[in-house]
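S.K.: Sharing coords28.txt (compact mmCIF, N, CA and C atoms) below.
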# COMPACT_ATOMS: atom_id res chain seq x y z
N MET B 1 100.37 96.28 103.45
CA MET B 1 100.62 97.72 103.46
C MET B 1 101.74 98.08 102.48
N ASN B 2 102.75 97.22 102.37
CA ASN B 2 103.84 97.49 101.44
C ASN B 2 103.33 97.60 100.00
N ILE B 3 102.43 96.71 99.62
CA ILE B 3 101.86 96.76 98.26
C ILE B 3 101.04 98.02 98.08
N PHE B 4 100.27 98.39 99.09
CA PHE B 4 99.48 99.62 99.03
C PHE B 4 100.39 100.83 98.84
N LEU B 5 101.49 100.89 99.59
CA LEU B 5 102.42 102.01 99.46
C LEU B 5 103.04 102.05 98.06
N TRP B 6 103.36 100.88 97.50
CA TRP B 6 103.90 100.84 96.14
C TRP B 6 102.87 101.39 95.15
N ILE B 7 101.61 101.05 95.34
CA ILE B 7 100.56 101.55 94.44
C ILE B 7 100.46 103.06 94.56
N VAL B 8 100.45 103.58 95.78
CA VAL B 8 100.37 105.03 95.99
C VAL B 8 101.60 105.71 95.38
N GLN B 9 102.77 105.13 95.58
CA GLN B 9 103.99 105.69 94.99
C GLN B 9 103.88 105.73 93.47
N ALA B 10 103.38 104.67 92.88
CA ALA B 10 103.26 104.62 91.42
C ALA B 10 102.26 105.65 90.91
N VAL B 11 101.13 105.78 91.58
CA VAL B 11 100.13 106.77 91.16
C VAL B 11 100.71 108.18 91.26
N LEU B 12 101.34 108.49 92.38
CA LEU B 12 101.96 109.81 92.53
C LEU B 12 103.05 110.03 91.49
N ALA B 13 103.86 109.02 91.24
CA ALA B 13 104.96 109.15 90.28
C ALA B 13 104.41 109.43 88.88
N VAL B 14 103.38 108.72 88.48
CA VAL B 14 102.81 108.94 87.14
C VAL B 14 102.23 110.34 87.04
N MET B 15 101.46 110.74 88.05
CA MET B 15 100.84 112.07 88.01
C MET B 15 101.88 113.19 87.95
N PHE B 16 102.88 113.10 88.83
CA PHE B 16 103.87 114.17 88.88
C PHE B 16 104.84 114.11 87.70
N ALA B 17 105.12 112.94 87.17
CA ALA B 17 105.96 112.85 85.98
C ALA B 17 105.27 113.51 84.79
N MET B 18 103.98 113.23 84.61
CA MET B 18 103.24 113.85 83.50
C MET B 18 103.17 115.37 83.69
N ALA B 19 102.90 115.81 84.90
CA ALA B 19 102.83 117.25 85.16
C ALA B 19 104.20 117.91 84.94
N GLY B 20 105.24 117.24 85.40
CA GLY B 20 106.59 117.79 85.24
C GLY B 20 107.01 117.90 83.78
N VAL B 21 106.73 116.86 83.01
CA VAL B 21 107.06 116.89 81.59
C VAL B 21 106.28 118.00 80.89
N MET B 22 105.00 118.12 81.22
CA MET B 22 104.17 119.15 80.60
C MET B 22 104.73 120.55 80.90
N LYS B 23 105.10 120.79 82.15
CA LYS B 23 105.58 122.12 82.54
C LYS B 23 106.97 122.44 81.98
N THR B 24 107.75 121.43 81.69
CA THR B 24 109.10 121.69 81.18
C THR B 24 109.19 121.69 79.67
N THR B 25 108.19 121.14 78.97
CA THR B 25 108.30 121.03 77.52
C THR B 25 107.34 121.92 76.74
N GLN B 26 106.24 122.33 77.34
CA GLN B 26 105.26 123.11 76.58
C GLN B 26 105.52 124.60 76.73
N PRO B 27 105.20 125.37 75.69
CA PRO B 27 105.37 126.82 75.78
C PRO B 27 104.41 127.41 76.81
N ARG B 28 104.81 128.54 77.35
CA ARG B 28 104.03 129.20 78.41
C ARG B 28 102.60 129.49 77.98
N ASP B 29 102.41 129.97 76.75
CA ASP B 29 101.07 130.32 76.27
C ASP B 29 100.14 129.11 76.28
N LYS B 30 100.67 127.98 75.90
CA LYS B 30 99.86 126.76 75.89
C LYS B 30 99.56 126.29 77.32
N LEU B 31 100.52 126.47 78.22
CA LEU B 31 100.31 126.08 79.61
C LEU B 31 99.24 126.95 80.28
N VAL B 32 99.22 128.24 79.97
CA VAL B 32 98.26 129.15 80.58
C VAL B 32 96.83 128.72 80.27
N GLU B 33 96.60 128.16 79.09
CA GLU B 33 95.26 127.68 78.72
C GLU B 33 94.80 126.56 79.65
N LYS B 34 95.72 125.66 80.03
CA LYS B 34 95.38 124.52 80.88
C LYS B 34 95.53 124.83 82.36
N LEU B 35 96.53 125.63 82.68
CA LEU B 35 96.86 125.95 84.07
C LEU B 35 96.91 127.47 84.23
N PRO B 36 95.80 128.10 84.58
CA PRO B 36 95.77 129.57 84.65
C PRO B 36 96.79 130.18 85.61
N TRP B 37 97.20 129.45 86.63
CA TRP B 37 98.16 129.98 87.59
C TRP B 37 99.51 130.29 86.96
N VAL B 38 99.81 129.67 85.84
CA VAL B 38 101.10 129.87 85.17
C VAL B 38 101.29 131.35 84.80
N ALA B 39 100.21 132.06 84.54
CA ALA B 39 100.29 133.48 84.17
C ALA B 39 100.91 134.32 85.27
N ASP B 40 100.83 133.87 86.52
CA ASP B 40 101.36 134.63 87.65
C ASP B 40 102.83 134.37 87.94
N PHE B 41 103.44 133.46 87.19
CA PHE B 41 104.83 133.07 87.46
C PHE B 41 105.68 133.23 86.20
N SER B 42 106.97 133.43 86.41
CA SER B 42 107.88 133.55 85.28
C SER B 42 108.05 132.18 84.61
N PRO B 43 108.43 132.18 83.34
CA PRO B 43 108.67 130.89 82.67
C PRO B 43 109.72 130.02 83.39
N GLY B 44 110.74 130.68 83.93
CA GLY B 44 111.77 129.93 84.65
C GLY B 44 111.23 129.26 85.90
N THR B 45 110.35 129.93 86.61
CA THR B 45 109.75 129.34 87.81
C THR B 45 108.88 128.15 87.46
N VAL B 46 108.10 128.28 86.39
CA VAL B 46 107.24 127.18 85.95
C VAL B 46 108.09 125.99 85.54
N ARG B 47 109.16 126.23 84.81
CA ARG B 47 110.06 125.14 84.41
C ARG B 47 110.70 124.49 85.63
N PHE B 48 111.10 125.31 86.60
CA PHE B 48 111.69 124.78 87.82
C PHE B 48 110.71 123.88 88.56
N ILE B 49 109.46 124.30 88.66
CA ILE B 49 108.43 123.49 89.31
C ILE B 49 108.30 122.15 88.56
N GLY B 50 108.31 122.21 87.24
CA GLY B 50 108.22 120.99 86.44
C GLY B 50 109.39 120.06 86.67
N ILE B 51 110.58 120.61 86.76
CA ILE B 51 111.78 119.79 87.01
C ILE B 51 111.70 119.15 88.39
N VAL B 52 111.27 119.93 89.39
CA VAL B 52 111.13 119.39 90.74
C VAL B 52 110.11 118.25 90.76
N GLU B 53 108.98 118.44 90.09
CA GLU B 53 107.96 117.40 90.07
C GLU B 53 108.46 116.13 89.37
N PHE B 54 109.15 116.30 88.26
CA PHE B 54 109.66 115.13 87.54
C PHE B 54 110.74 114.41 88.35
N ALA B 55 111.63 115.17 88.97
CA ALA B 55 112.69 114.55 89.78
C ALA B 55 112.08 113.80 90.97
N ALA B 56 111.07 114.36 91.58
CA ALA B 56 110.41 113.69 92.70
C ALA B 56 109.72 112.42 92.24
N ALA B 57 109.12 112.46 91.05
CA ALA B 57 108.48 111.26 90.50
C ALA B 57 109.50 110.14 90.34
N LEU B 58 110.66 110.48 89.81
CA LEU B 58 111.74 109.48 89.70
C LEU B 58 112.17 109.00 91.08
N GLY B 59 112.26 109.92 92.02
CA GLY B 59 112.69 109.59 93.38
C GLY B 59 111.72 108.69 94.13
N LEU B 60 110.45 108.74 93.75
CA LEU B 60 109.47 107.86 94.40
C LEU B 60 109.65 106.40 94.00
N ILE B 61 110.18 106.17 92.80
CA ILE B 61 110.24 104.81 92.27
C ILE B 61 111.66 104.25 92.19
N LEU B 62 112.57 104.97 91.56
CA LEU B 62 113.88 104.39 91.25
C LEU B 62 114.70 103.94 92.45
N PRO B 63 114.85 104.74 93.50
CA PRO B 63 115.66 104.24 94.62
C PRO B 63 115.08 102.98 95.25
N ALA B 64 113.78 102.96 95.41
CA ALA B 64 113.15 101.78 96.02
C ALA B 64 113.25 100.56 95.10
N ALA B 65 113.06 100.78 93.81
CA ALA B 65 113.10 99.66 92.86
C ALA B 65 114.50 99.09 92.70
N THR B 66 115.51 99.94 92.78
CA THR B 66 116.89 99.47 92.59
C THR B 66 117.58 99.08 93.89
N GLY B 67 117.04 99.55 95.01
CA GLY B 67 117.67 99.28 96.29
C GLY B 67 118.87 100.16 96.56
N ILE B 68 119.05 101.19 95.75
CA ILE B 68 120.18 102.11 95.89
C ILE B 68 119.68 103.40 96.51
N ALA B 69 120.25 103.80 97.63
CA ALA B 69 119.89 105.05 98.32
C ALA B 69 118.38 105.13 98.55
N THR B 70 117.83 104.11 99.18
CA THR B 70 116.39 104.02 99.36
C THR B 70 115.80 105.13 100.23
N VAL B 71 116.64 105.82 100.98
CA VAL B 71 116.15 106.94 101.78
C VAL B 71 115.61 108.07 100.88
N LEU B 72 116.00 108.07 99.61
CA LEU B 72 115.52 109.11 98.70
C LEU B 72 114.03 108.99 98.41
N THR B 73 113.47 107.80 98.54
CA THR B 73 112.04 107.62 98.27
C THR B 73 111.18 108.41 99.25
N PRO B 74 111.34 108.25 100.58
CA PRO B 74 110.53 109.07 101.47
C PRO B 74 110.90 110.55 101.40
N LEU B 75 112.15 110.85 101.08
CA LEU B 75 112.53 112.26 100.93
C LEU B 75 111.83 112.89 99.73
N ALA B 76 111.68 112.13 98.65
CA ALA B 76 110.93 112.62 97.50
C ALA B 76 109.48 112.88 97.88
N ALA B 77 108.91 111.99 98.69
CA ALA B 77 107.53 112.18 99.14
C ALA B 77 107.41 113.44 100.00
N VAL B 78 108.39 113.68 100.85
CA VAL B 78 108.38 114.91 101.67
C VAL B 78 108.48 116.14 100.77
N GLY B 79 109.33 116.08 99.77
CA GLY B 79 109.47 117.20 98.83
C GLY B 79 108.17 117.48 98.10
N LEU B 80 107.48 116.43 97.68
CA LEU B 80 106.19 116.62 97.01
C LEU B 80 105.16 117.19 97.98
N GLY B 81 105.22 116.76 99.23
CA GLY B 81 104.32 117.32 100.23
C GLY B 81 104.54 118.81 100.41
N ILE B 82 105.79 119.22 100.47
CA ILE B 82 106.11 120.64 100.59
C ILE B 82 105.62 121.39 99.35
N THR B 83 105.83 120.81 98.19
CA THR B 83 105.35 121.43 96.95
C THR B 83 103.84 121.61 96.99
N MET B 84 103.11 120.62 97.48
CA MET B 84 101.65 120.71 97.55
C MET B 84 101.20 121.73 98.59
N LEU B 85 101.94 121.85 99.69
CA LEU B 85 101.62 122.90 100.67
C LEU B 85 101.78 124.29 100.06
N LEU B 86 102.86 124.48 99.32
CA LEU B 86 103.08 125.77 98.66
C LEU B 86 102.00 126.04 97.62
N ALA B 87 101.62 125.02 96.86
CA ALA B 87 100.58 125.18 95.85
C ALA B 87 99.25 125.52 96.51
N ALA B 88 98.92 124.84 97.60
CA ALA B 88 97.67 125.12 98.30
C ALA B 88 97.66 126.53 98.87
N THR B 89 98.79 127.00 99.36
CA THR B 89 98.88 128.37 99.86
C THR B 89 98.61 129.37 98.75
N TYR B 90 99.21 129.13 97.59
CA TYR B 90 98.97 130.01 96.44
C TYR B 90 97.49 130.02 96.07
N HIS B 91 96.89 128.83 95.95
CA HIS B 91 95.49 128.73 95.55
C HIS B 91 94.56 129.32 96.62
N ALA B 92 94.94 129.25 97.88
CA ALA B 92 94.13 129.86 98.94
C ALA B 92 94.12 131.38 98.80
N ARG B 93 95.26 131.95 98.47
CA ARG B 93 95.32 133.40 98.24
C ARG B 93 94.44 133.83 97.08
N LYS B 94 94.34 132.97 96.08
CA LYS B 94 93.52 133.27 94.90
C LYS B 94 92.07 132.81 95.08
N GLN B 95 91.77 132.18 96.22
CA GLN B 95 90.45 131.63 96.52
C GLN B 95 90.00 130.62 95.47
N GLU B 96 90.92 129.77 95.06
CA GLU B 96 90.65 128.68 94.12
C GLU B 96 90.50 127.39 94.91
N PHE B 97 89.32 127.23 95.51
CA PHE B 97 89.11 126.16 96.47
C PHE B 97 89.15 124.75 95.87
N PRO B 98 88.63 124.50 94.67
CA PRO B 98 88.77 123.14 94.11
C PRO B 98 90.24 122.72 93.96
N ALA B 99 91.09 123.67 93.59
CA ALA B 99 92.52 123.36 93.46
C ALA B 99 93.13 123.01 94.81
N ILE B 100 92.67 123.68 95.86
CA ILE B 100 93.18 123.38 97.20
C ILE B 100 92.83 121.94 97.58
N GLY B 101 91.62 121.53 97.25
CA GLY B 101 91.21 120.15 97.54
C GLY B 101 92.10 119.14 96.84
N PHE B 102 92.41 119.39 95.59
CA PHE B 102 93.28 118.50 94.83
C PHE B 102 94.68 118.47 95.44
N ASN B 103 95.19 119.65 95.81
CA ASN B 103 96.49 119.72 96.47
C ASN B 103 96.48 118.95 97.79
N ALA B 104 95.38 119.05 98.53
CA ALA B 104 95.27 118.37 99.82
C ALA B 104 95.31 116.85 99.65
N VAL B 105 94.63 116.35 98.63
CA VAL B 105 94.64 114.90 98.38
C VAL B 105 96.05 114.44 98.07
N LEU B 106 96.75 115.16 97.20
CA LEU B 106 98.12 114.79 96.85
C LEU B 106 99.05 114.92 98.06
N LEU B 107 98.82 115.93 98.89
CA LEU B 107 99.61 116.10 100.11
C LEU B 107 99.41 114.92 101.05
N ILE B 108 98.18 114.48 101.22
CA ILE B 108 97.90 113.34 102.10
C ILE B 108 98.57 112.08 101.57
N LEU B 109 98.47 111.85 100.27
CA LEU B 109 99.11 110.67 99.69
C LEU B 109 100.63 110.71 99.84
N ALA B 110 101.22 111.88 99.59
CA ALA B 110 102.67 112.01 99.75
C ALA B 110 103.06 111.83 101.22
N GLY B 111 102.26 112.36 102.13
CA GLY B 111 102.52 112.18 103.55
C GLY B 111 102.43 110.72 103.97
N LEU B 112 101.48 110.00 103.40
CA LEU B 112 101.34 108.58 103.68
C LEU B 112 102.58 107.81 103.24
N VAL B 113 103.07 108.12 102.06
CA VAL B 113 104.29 107.46 101.57
C VAL B 113 105.48 107.81 102.46
N ALA B 114 105.62 109.08 102.81
CA ALA B 114 106.74 109.49 103.67
C ALA B 114 106.67 108.78 105.01
N TRP B 115 105.49 108.75 105.61
CA TRP B 115 105.33 108.08 106.91
C TRP B 115 105.66 106.59 106.79
N GLY B 116 105.11 105.95 105.80
CA GLY B 116 105.32 104.51 105.65
C GLY B 116 106.75 104.15 105.33
N ARG B 117 107.39 104.92 104.47
CA ARG B 117 108.75 104.57 104.04
C ARG B 117 109.82 105.04 105.02
N PHE B 118 109.53 106.07 105.82
CA PHE B 118 110.46 106.44 106.89
C PHE B 118 110.25 105.53 108.10
N GLY B 119 109.03 105.04 108.28
CA GLY B 119 108.65 104.33 109.48
C GLY B 119 108.58 102.84 109.33
N PRO B 120 107.41 102.28 109.59
CA PRO B 120 107.30 100.83 109.74
C PRO B 120 107.46 100.03 108.45
N TYR B 121 107.38 100.66 107.30
CA TYR B 121 107.46 99.93 106.04
C TYR B 121 108.63 100.40 105.19
N SER B 122 109.72 100.75 105.85
CA SER B 122 110.91 101.20 105.10
C SER B 122 111.57 100.02 104.41
N PHE B 123 112.49 100.35 103.54
CA PHE B 123 113.14 99.31 102.73
C PHE B 123 114.35 98.74 103.44
Could the structure of this file be written out as structure tokens, please?

M.R.:
Amino acid sequence: MNIFLWIVQAVLAVMFAMAGVMKTTQPRDKLVEKLPWVADFSPGTVRFIGIVEFAAALGLILPAATGIATVLTPLAAVGLGITMLLAATYHARKQEFPAIGFNAVLLILAGLVAWGRFGPYSF
């Protein structure tokens, strides 16, 4: 189970790191082409979401890998879960059901990491 959790952490970290970098480095016009929801938010909010995603990606891996402040790993997973709940709520209001499904999968994976790392498979 520990190896499985590491794999899930790595997958989530890569996905959210790429998303975070994209949201913090690309201009708003370019982001709107790929992510239509960006049009409904200010540039500062989109950048903030990107920073949160990138920080959580680091939090999923670095504390556990270094053994320093390992409680940050499940906390990062909880933060990503909250982010996915908020994203799913937004997409539900817009009736963007495929996006809700994607958010739900990421929420379940983040919840699995939080459960495992807070519970029976903590560091």

S.K.: From a backbone DSSP assignment, name each residue in chain B labelled alpha helix (DSSP H), as a PyMOL selection string.

M.R.: chain B and resi 2-25+28-34+43-66+72-93+97-118

S.K.: Can you work out which one of B:Asp29, B:Asp40, B:Glu96, B:Glu53 has the shortest atom-to-atom distance to Thr83 (chain B), counting only C-alpha atoms?

M.R.: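 Among the listed residues, the smallest separation from Thr83 (chain B) belongs to B:Glu53.
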
S.K.: Mind pulling up the distance from atom N of Ile108 (chain B) to atom N of Met84 (chain B)?

M.R.: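 Going from atom N of Met84 (chain B) over to atom N of Ile108 (chain B), I get 8.7 Å.
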
S.K.: For the point (105.6, 107.1, 91.6) in file coordinates, what residues are within 9 Å, counting only C-alpha atoms? Give the answer as a list in words?

M.R.: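 All residues meeting the 9 Å criterion around (105.6, 107.1, 91.6) are Trp6, Ile7, Val8, Gln9, Ala10, Val11, Leu12, Ala13, Val14, Met15, Phe16, Ala17, Ala56, Ala57, Leu58, Gly59, Leu60, Ile61 and Leu62 of chain B.
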
S.K.: Quick one: distance from CA of Ala92 (chain B) to CA of Leu106 (chain B) in Å, one decimal?

M.R.: 15.7 Å

S.K.: Would you mind telling me which residue in B:Leu5, B:Arg117, B:Val21, B:Ala99 lies nearest to Val71 (chain B) when using all atoms listed in the file?

M.R.: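 Residue with the minimum atom-to-atom distance to Val71 (chain B): B:Arg117.
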
S.K.: If you measure from CA of Gly44 (chain B) to CA of Tyr90 (chain B), what distance in Å do you get, rounded to one decimal?

M.R.: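 Pair CA of Gly44 (chain B) / CA of Tyr90 (chain B) returns 17.4 Å.
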